[in-house]
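Trainee: Below is one structure. I have some questions about it.
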Amino acid sequence: MIPSPNPGRRSARPVAGVCPDPTGFDEWRLRARESERRGDTGAALHQYDRALAALPEPESDTRAADILRSMGSVYRERGELDRAERRYKESYALAERLGYLDGTANAGNWLGVIAMGRGHLAEAEALFTRACRTAGRVRNERLAGAIEQNLGILANIRGDLDAAVIHYRTALRQFRSAGDEWMLGLVLNNLGLLHSDLTQFAEAAAAFDEAHDLAMRTGNTMLENSVEVNRAEMCIGRQDWEAASAACARARTLAQLRNDRQREAEALKFQGVIAREQNKLEDAAWLLGEAESLAASCDDRLLMAEVARESGELYVRFGRPEDARISFSRALDLFQALGARLDHADTEARLARLLTD
């Protein structure tokens, strides 16, 4: 079930002190999209606000639902999930009231993304399934592809890698058919990460290279940032520490420029892993501590679990088994709550080794 917006809150409201200007809507929306592609999230939010203010009757205009959803996505990319969720709920409520099926499917999909990030996998699956059905009704191939991608991510978290591959490849076909390079790059990035998890490094590198080329061609700095994070993880898997460090540095710089705390936390986590594997334990402790703080500020529980697991390994290196046990146990609890079966099994094995040594 889609939660309703805050009681008494209007779904869309012009910015105070700005007179409605119907002729300015398209221009403000275009500027906002360009700012978003450049990673200038502050400007994008301001410009989306101005686009919303340019609508004479936002309460009865489906375009307002689209703008609210776009603002939610900017907040989500900044790691401000509560604000993102609020905008998505407002968008959904307005679209539902206006009978705007495409809008309800889009907002429902993003609410599923928020739920998935918080570890509410059953809720996320229900939201994705409903959104997928609605996208089919309105014949929105691009949206259907986006939902297939998210179902692939969900399957990956649950450890069902075969299902994840099917969802990703279905999404790739739909985006190639629609000629949507923006979304095609996102799926290739996720597919590369899946290949990396399976230690299929050549296939992973090819997917990341194609995704990176698409990001550069379309000016998609968010995708470029995510590819560099995932490339770092692949290089760590290959124990190519120099390439992994370079990818982390690029990812962290991009994240800071974009005010993206979530991806900065991921880059810090991998920098901590690299430092630990190079026996720079004090550096690793600081980096993982910074990653933990940022992940908590974003309420990214999967990332919090991953950092806790890597911290457990660090404590093993320090010769502090009790601290290692606490970190592994915290990671186990988080992975179990998330339904991340493979990660849970991996962490359980690490804890078992610690207890038997």
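Here, A, B, ... name the chains of the structure tokens in the order displayed, residue numbers run from 1 inside each chain, and ligands are numbered from 1 in the same displayed order.
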Find the residues near Leu68 of chain A: any atom within 12 Å, counting only C-alpha atoms, skip ones fewer than 6 places away on the same chain, and give them as a PDB file with C-alpha atoms, in the first residue's frame.

Mentor:
```pdb
ATOM      1  CA  ARG A  10      -0.912  20.319  -0.168  1.00  0.00           C
ATOM      2  CA  SER A  11       0.637  18.159  -2.883  1.00  0.00           C
ATOM      3  CA  ALA A  12       1.964  21.058  -4.954  1.00  0.00           C
ATOM      4  CA  ARG A  13       2.289  24.729  -4.129  1.00  0.00           C
ATOM      5  CA  PRO A  14       3.899  27.624  -6.013  1.00  0.00           C
ATOM      6  CA  ARG A  29      12.237  22.391 -16.304  1.00  0.00           C
ATOM      7  CA  LEU A  45      16.135  21.929  -6.918  1.00  0.00           C
ATOM      8  CA  GLN A  47      14.893  25.421 -10.926  1.00  0.00           C
ATOM      9  CA  TYR A  48      12.359  22.635 -10.331  1.00  0.00           C
ATOM     10  CA  ASP A  49      10.786  24.876  -7.687  1.00  0.00           C
ATOM     11  CA  ARG A  50      10.544  27.670 -10.249  1.00  0.00           C
ATOM     12  CA  ALA A  51       9.004  25.300 -12.804  1.00  0.00           C
ATOM     13  CA  LEU A  52       6.398  24.279 -10.225  1.00  0.00           C
ATOM     14  CA  ALA A  53       5.716  27.940  -9.445  1.00  0.00           C
ATOM     15  CA  PRO A  58      -0.524  22.908  -9.900  1.00  0.00           C
ATOM     16  CA  GLU A  59      -3.208  21.048  -7.926  1.00  0.00           C
ATOM     17  CA  ASP A  61      -1.890  19.719 -13.486  1.00  0.00           C
ATOM     18  CA  THR A  62      -0.191  16.370 -14.096  1.00  0.00           C
ATOM     19  CA  VAL A  74      17.407  14.926  -6.713  1.00  0.00           C
ATOM     20  CA  TYR A  75      16.989  14.592  -2.942  1.00  0.00           C
ATOM     21  CA  ARG A  83      12.798  14.504   1.781  1.00  0.00           C
ATOM     22  CA  ALA A  84      12.903  12.281  -1.288  1.00  0.00           C
ATOM     23  CA  GLU A  85      10.199   9.998   0.095  1.00  0.00           C
ATOM     24  CA  ARG A  86       7.994  12.970   0.969  1.00  0.00           C
ATOM     25  CA  ARG A  87       8.184  14.333  -2.576  1.00  0.00           C
ATOM     26  CA  TYR A  88       7.518  10.895  -4.096  1.00  0.00           C
ATOM     27  CA  LYS A  89       4.457  10.457  -1.880  1.00  0.00           C
ATOM     28  CA  GLU A  90       3.177  13.898  -2.853  1.00  0.00           C
ATOM     29  CA  SER A  91       3.725  13.061  -6.517  1.00  0.00           C
ATOM     30  CA  TYR A  92       1.950   9.729  -6.158  1.00  0.00           C
ATOM     31  CA  ALA A  93      -1.026  11.247  -4.328  1.00  0.00           C
ATOM     32  CA  LEU A  94      -1.470  14.001  -6.909  1.00  0.00           C
ATOM     33  CA  ALA A  95      -1.120  11.595  -9.856  1.00  0.00           C
ATOM     34  CA  GLY A 103       2.652   9.340 -12.845  1.00  0.00           C
ATOM     35  CA  THR A 104       1.489   6.803 -10.248  1.00  0.00           C
ATOM     36  CA  ASN A 106       6.728   6.334 -11.835  1.00  0.00           C
ATOM     37  CA  ALA A 107       6.284   7.548  -8.262  1.00  0.00           C
ATOM     38  CA  TRP A 110      10.753   5.349  -6.769  1.00  0.00           C
TER      39      TRP A 110
END
```

Trainee: Considering only C-alpha atoms, return as a ChimeraX atom specification whatever protein or nucleic-acid residues lie within 10 Å of segment 207-215 of chain A, sequence-local ones (same chain, fewer than 3 positions apart) excluded.

Mentor: /A:37,181-193,195,201-204,218-228,230-231,234

Trainee: Grab the residues selected above and save them as a compact mmCIF listing (two decimals), in the first residue's frame with C-alpha atoms.

Mentor:
```
# COMPACT_ATOMS: atom_id res chain seq x y z
CA ARG A 37 22.85 16.04 -15.46
CA GLU A 181 20.97 5.73 -23.57
CA TRP A 182 20.52 7.32 -20.14
CA MET A 183 18.78 4.28 -18.65
CA LEU A 184 20.81 1.82 -20.72
CA GLY A 185 23.93 3.04 -18.94
CA LEU A 186 22.37 2.46 -15.52
CA VAL A 187 21.51 -1.15 -16.34
CA LEU A 188 24.95 -1.83 -17.82
CA ASN A 189 26.46 -0.50 -14.60
CA ASN A 190 24.36 -2.88 -12.50
CA LEU A 191 25.09 -5.77 -14.83
CA GLY A 192 28.80 -5.04 -14.50
CA LEU A 193 28.51 -5.19 -10.73
CA HIS A 195 29.46 -9.95 -13.22
CA PHE A 201 35.92 -9.70 -14.40
CA ALA A 202 36.30 -9.44 -18.18
CA GLU A 203 32.51 -9.22 -18.62
CA ALA A 204 32.31 -6.75 -15.73
CA THR A 218 25.16 12.00 -22.23
CA GLY A 219 26.78 14.14 -19.53
CA ASN A 220 25.41 11.84 -16.83
CA THR A 221 27.71 12.58 -13.88
CA MET A 222 25.60 10.49 -11.51
CA LEU A 223 26.20 7.41 -13.67
CA GLU A 224 29.89 8.28 -14.11
CA ASN A 225 30.19 8.46 -10.32
CA SER A 226 28.44 5.13 -9.78
CA VAL A 227 30.54 3.39 -12.44
CA GLU A 228 33.75 4.53 -10.76
CA ASN A 230 31.69 -0.19 -8.93
CA ARG A 231 34.90 -0.27 -10.95
CA MET A 234 35.92 -4.91 -9.33
```

Trainee: Determine, counting only C-alpha atoms, which protein, DNA and RNA residues have an atom within 10 Å of an atom of Ala115 of chain A; residues of the same chain fewer than 6 positions away are not included. Present the result as a list in words.

Mentor: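 So the residues in contact are Leu81, Glu85, Asn109, Leu121, Ala122, Glu123, Ala124, Glu125 and Leu127 of chain A.
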
Trainee: Using Å and a single decimal, report how far atom CA of Arg252 of chain A sits from atom CA of Cys235 of chain A.

Mentor: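 If I compute the distance from atom CA of Cys235 of chain A to atom CA of Arg252 of chain A, I get 15.8 Å.
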
Trainee: State, in Å with one decimal place, the distance from atom CA of Ser35 of chain A to atom CA of Ser73 of chain A.

Mentor: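 Those two atoms sit 13.1 Å apart.
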
Trainee: Report, in Å to a single decimal, how far apart atom CA of Ala32 of chain A and atom CA of Ala265 of chain A are.

Mentor: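 The value is 25.8 Å.
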
Trainee: Considering only C-alpha atoms, state which residue in the set A:Ser196, A:Asn140, A:Gln174, A:Thr41 is at the smallest distance from Leu161 of chain A.

Mentor: A:Ser196

Trainee: Env of Leu101 of chain A: 8 Å cut, atoms = only C-alpha atoms, seq-sep filter 4 positions within chain, self excluded. Answer as a PyMOL selection string.

Mentor: chain A and resi 95-96+105+134-135+138

Trainee: From the options A:Asp300, A:Ala308, A:Glu233, A:Ile157, which residue's atoms come nearest to Gln271 of chain A, counting only C-alpha atoms?

Mentor: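 Residue with the minimum atom-to-atom distance to Gln271 of chain A: A:Glu233.
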